[in-house]
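Data first, discussion second: the structure below is written as structure tokens.
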Amino acid sequence: MLLACNDDTNQNEDITNEVNKDGSVETSVAVKHIDSLHDVVVTTHKVWYLYNEWKTIEHYDTVPALGATQKIAENEAGDEKMLTLNKEYEIFITVK
């Protein structure tokens with residue numbers, strides 16, 4: 001009875017390091033900076049069928065840029081410099 005109640009949440013059998021190319025959809029999401037006001041969300045789907053890439057589908061969506069932020073960077077010699085960097089979107093994916 002106790003074995004059936006094992007709640008090992010650290011183990012996820014759905015995690016993989018390679019795509020099943022026999023039949024699957026591989027999806028990637030990236031955000032690219034266009035200018036100071038706009039970013040583009042690029043969503044790419046690769047459809048794998050019988051070990052061949054059957055089709056690639058790409059979607060481009062323009063979103064507002066998050067602006068810039070300043071960070072202090074240090075080189076190997078210990079010199080510090082203030083850099084202005086684009087803020088990055090966080091990407092969360094929900095699969096149902």
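Each chain in the structure tokens gets a letter, A, B and so on, in the order shown; residues start at 1 in every chain, and ligands are counted from 1 in the order they appear.
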query = Ala73 (chain A): which residues within 8 Å, counting only C-alpha atoms, same-chain residues fewer than 6 positions away excluded, as a ChimeraX atom specification?
reply = /A:80-83
Written file, previous selection with N, CA and C atoms, as a PDB file, in the first residue's frame:
ATOM      1  N   GLU A  80      35.706  47.943 -13.946  1.00  0.00           N
ATOM      2  CA  GLU A  80      34.252  47.950 -14.013  1.00  0.00           C
ATOM      3  C   GLU A  80      33.769  49.001 -15.000  1.00  0.00           C
ATOM      4  N   LYS A  81      32.648  48.686 -15.657  1.00  0.00           N
ATOM      5  CA  LYS A  81      32.072  49.606 -16.622  1.00  0.00           C
ATOM      6  C   LYS A  81      30.554  49.473 -16.561  1.00  0.00           C
ATOM      7  N   MET A  82      29.860  50.605 -16.649  1.00  0.00           N
ATOM      8  CA  MET A  82      28.397  50.591 -16.663  1.00  0.00           C
ATOM      9  C   MET A  82      27.918  50.314 -18.085  1.00  0.00           C
ATOM     10  N   LEU A  83      27.093  49.284 -18.247  1.00  0.00           N
ATOM     11  CA  LEU A  83      26.554  48.908 -19.548  1.00  0.00           C
ATOM     12  C   LEU A  83      25.045  49.113 -19.571  1.00  0.00           C
TER      13      LEU A  83
END
request  = Please provide the set of residues having any atom within 10 Å of region 52-57 of chain A, restricted to only C-alpha atoms, with same-chain residues fewer than 3 positions apart removed, written as number ranges by chain.
outcome  = A: 21-27, 43-49
Next, write the just-selected residues to a file, as a compact mmCIF listing (two decimals), in the first residue's frame, keeping C-alpha atoms as the atom set.
# COMPACT_ATOMS: atom_id res chain seq x y z
CA LYS A 21 11.97 12.14 -34.90
CA ASP A 22 9.73 9.19 -35.70
CA GLY A 23 6.71 11.42 -35.07
CA SER A 24 6.72 14.61 -33.03
CA VAL A 25 6.45 18.38 -33.05
CA GLU A 26 9.54 20.23 -31.81
CA THR A 27 8.84 23.81 -30.69
CA THR A 43 7.83 30.64 -32.43
CA THR A 44 9.13 27.78 -34.57
CA HIS A 45 7.52 24.35 -34.91
CA LYS A 46 9.37 21.53 -36.66
CA VAL A 47 7.15 18.60 -37.58
CA TRP A 48 9.06 15.29 -37.61
CA TYR A 49 7.51 12.41 -39.56
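Considering only C-alpha atoms, the residue among A:Val29, A:Ala68, A:Val40, A:Leu50 positioned nearest to Phe92 (chain A) is A:Val29.
Once Glu88 (chain A) and its same-chain neighbours fewer than 5 positions away are set aside, Ala30, Val31, Lys32, His33, His38, Asp39, Val40, Val41, Val63, Pro64, Ala65, Leu66, Gly67, Ala68 and Thr69 of chain A remain within 12 Å of it when counting only C-alpha atoms.
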task = Would you please give, as a ChimeraX atom specification, all residues of chain A that DSSP assigns to strand (DSSP E) based on the backbone?
result = /A:23-33,38-49,52-64,68-74,80-86
Those residues with N, CA and C atoms, as a compact mmCIF listing (two decimals), in the first residue's frame please?
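After the write, selection_7.txt holds the following:
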# COMPACT_ATOMS: atom_id res chain seq x y z
N GLY A 23 7.99 10.73 -34.98
CA GLY A 23 6.71 11.42 -35.07
C GLY A 23 6.53 12.36 -33.91
N SER A 24 6.84 13.64 -34.11
CA SER A 24 6.72 14.61 -33.03
C SER A 24 6.71 16.02 -33.59
N VAL A 25 6.38 16.97 -32.72
CA VAL A 25 6.45 18.38 -33.05
C VAL A 25 7.44 19.01 -32.06
N GLU A 26 8.49 19.58 -32.60
CA GLU A 26 9.54 20.23 -31.81
C GLU A 26 9.29 21.74 -31.88
N THR A 27 9.16 22.39 -30.73
CA THR A 27 8.84 23.81 -30.69
C THR A 27 9.93 24.59 -29.99
N SER A 28 10.28 25.75 -30.55
CA SER A 28 11.23 26.65 -29.90
C SER A 28 10.64 28.05 -29.90
N VAL A 29 10.95 28.82 -28.86
CA VAL A 29 10.47 30.19 -28.72
C VAL A 29 11.66 31.08 -28.42
N ALA A 30 11.75 32.22 -29.13
CA ALA A 30 12.84 33.17 -28.90
C ALA A 30 12.28 34.58 -29.03
N VAL A 31 12.93 35.52 -28.35
CA VAL A 31 12.56 36.93 -28.47
C VAL A 31 13.76 37.66 -29.04
N LYS A 32 13.53 38.40 -30.14
CA LYS A 32 14.59 39.16 -30.80
C LYS A 32 14.27 40.64 -30.69
N HIS A 33 15.30 41.43 -30.43
CA HIS A 33 15.13 42.88 -30.32
C HIS A 33 15.17 43.51 -31.71
N HIS A 38 10.33 47.98 -30.02
CA HIS A 38 9.70 46.73 -30.45
C HIS A 38 10.63 45.53 -30.31
N ASP A 39 10.03 44.42 -29.92
CA ASP A 39 10.68 43.11 -29.94
C ASP A 39 9.80 42.19 -30.78
N VAL A 40 10.35 41.07 -31.20
CA VAL A 40 9.59 40.08 -31.96
C VAL A 40 9.70 38.73 -31.25
N VAL A 41 8.55 38.10 -31.02
CA VAL A 41 8.52 36.75 -30.48
C VAL A 41 8.48 35.80 -31.68
N VAL A 42 9.48 34.94 -31.79
CA VAL A 42 9.56 33.99 -32.89
C VAL A 42 9.28 32.59 -32.33
N THR A 43 8.20 31.99 -32.83
CA THR A 43 7.83 30.64 -32.43
C THR A 43 8.02 29.73 -33.64
N THR A 44 8.83 28.69 -33.47
CA THR A 44 9.13 27.78 -34.57
C THR A 44 8.69 26.37 -34.19
N HIS A 45 7.95 25.75 -35.09
CA HIS A 45 7.52 24.35 -34.91
C HIS A 45 8.14 23.53 -36.04
N LYS A 46 8.87 22.49 -35.67
CA LYS A 46 9.37 21.53 -36.66
C LYS A 46 8.56 20.25 -36.50
N VAL A 47 7.96 19.83 -37.59
CA VAL A 47 7.15 18.60 -37.58
C VAL A 47 8.03 17.46 -38.10
N TRP A 48 8.24 16.46 -37.25
CA TRP A 48 9.06 15.29 -37.61
C TRP A 48 8.12 14.13 -37.93
N TYR A 49 8.33 13.53 -39.10
CA TYR A 49 7.51 12.41 -39.56
C TYR A 49 8.43 11.35 -40.17
N ASN A 52 12.10 12.31 -40.79
CA ASN A 52 12.37 13.41 -41.71
C ASN A 52 11.66 14.66 -41.21
N GLU A 53 12.29 15.79 -41.42
CA GLU A 53 11.63 17.05 -41.07
C GLU A 53 10.62 17.34 -42.17
N TRP A 54 9.34 17.10 -41.87
CA TRP A 54 8.29 17.20 -42.86
C TRP A 54 7.93 18.66 -43.15
N LYS A 55 7.91 19.50 -42.11
CA LYS A 55 7.51 20.88 -42.30
C LYS A 55 8.03 21.73 -41.14
N THR A 56 8.37 22.99 -41.45
CA THR A 56 8.73 23.96 -40.43
C THR A 56 7.73 25.11 -40.51
N ILE A 57 7.15 25.45 -39.37
CA ILE A 57 6.15 26.51 -39.29
C ILE A 57 6.70 27.58 -38.35
N GLU A 58 6.73 28.84 -38.83
CA GLU A 58 7.24 29.93 -38.00
C GLU A 58 6.17 31.01 -37.86
N HIS A 59 6.06 31.52 -36.63
CA HIS A 59 5.15 32.62 -36.34
C HIS A 59 5.97 33.77 -35.79
N TYR A 60 5.68 34.98 -36.26
CA TYR A 60 6.37 36.19 -35.79
C TYR A 60 5.31 37.13 -35.21
N ASP A 61 5.50 37.52 -33.97
CA ASP A 61 4.57 38.44 -33.32
C ASP A 61 5.35 39.61 -32.75
N THR A 62 4.98 40.82 -33.13
CA THR A 62 5.63 42.02 -32.62
C THR A 62 5.02 42.38 -31.27
N VAL A 63 5.87 42.63 -30.29
CA VAL A 63 5.44 43.01 -28.95
C VAL A 63 6.22 44.25 -28.53
N PRO A 64 5.73 45.00 -27.55
CA PRO A 64 6.47 46.18 -27.11
C PRO A 64 7.78 45.78 -26.42
N ALA A 68 15.29 49.49 -21.39
CA ALA A 68 16.68 49.16 -21.10
C ALA A 68 16.93 49.21 -19.60
N THR A 69 17.99 48.56 -19.19
CA THR A 69 18.42 48.58 -17.81
C THR A 69 19.93 48.75 -17.80
N GLN A 70 20.47 49.20 -16.69
CA GLN A 70 21.92 49.37 -16.60
C GLN A 70 22.49 48.37 -15.61
N LYS A 71 23.62 47.80 -15.99
CA LYS A 71 24.33 46.82 -15.16
C LYS A 71 25.81 47.16 -15.14
N ILE A 72 26.44 46.82 -14.04
CA ILE A 72 27.89 46.99 -13.94
C ILE A 72 28.54 45.69 -14.37
N ALA A 73 29.47 45.77 -15.32
CA ALA A 73 30.21 44.60 -15.80
C ALA A 73 31.67 44.75 -15.41
N GLU A 74 32.29 43.62 -15.13
CA GLU A 74 33.71 43.62 -14.73
C GLU A 74 34.49 42.72 -15.66
N GLU A 80 35.71 47.94 -13.95
CA GLU A 80 34.25 47.95 -14.01
C GLU A 80 33.77 49.00 -15.00
N LYS A 81 32.65 48.69 -15.66
CA LYS A 81 32.07 49.61 -16.62
C LYS A 81 30.55 49.47 -16.56
N MET A 82 29.86 50.61 -16.65
CA MET A 82 28.40 50.59 -16.66
C MET A 82 27.92 50.31 -18.09
N LEU A 83 27.09 49.28 -18.25
CA LEU A 83 26.55 48.91 -19.55
C LEU A 83 25.05 49.11 -19.57
N THR A 84 24.53 49.51 -20.72
CA THR A 84 23.09 49.60 -20.93
C THR A 84 22.67 48.39 -21.76
N LEU A 85 21.76 47.59 -21.21
CA LEU A 85 21.31 46.36 -21.86
C LEU A 85 19.80 46.38 -22.04
N ASN A 86 19.32 45.71 -23.09
CA ASN A 86 17.88 45.55 -23.28
C ASN A 86 17.33 44.60 -22.24
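Going from CA of Glu18 (chain A) over to CA of Glu90 (chain A), you cover 23.6 Å.
Straight-line separation from CA of Asp79 (chain A) to CA of Ser36 (chain A): 28.0 Å.
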message = One decimal, in Å: what's the spacing between CA of Ile93 (chain A) and CA of Ile34 (chain A)?
response = 22.9 Å
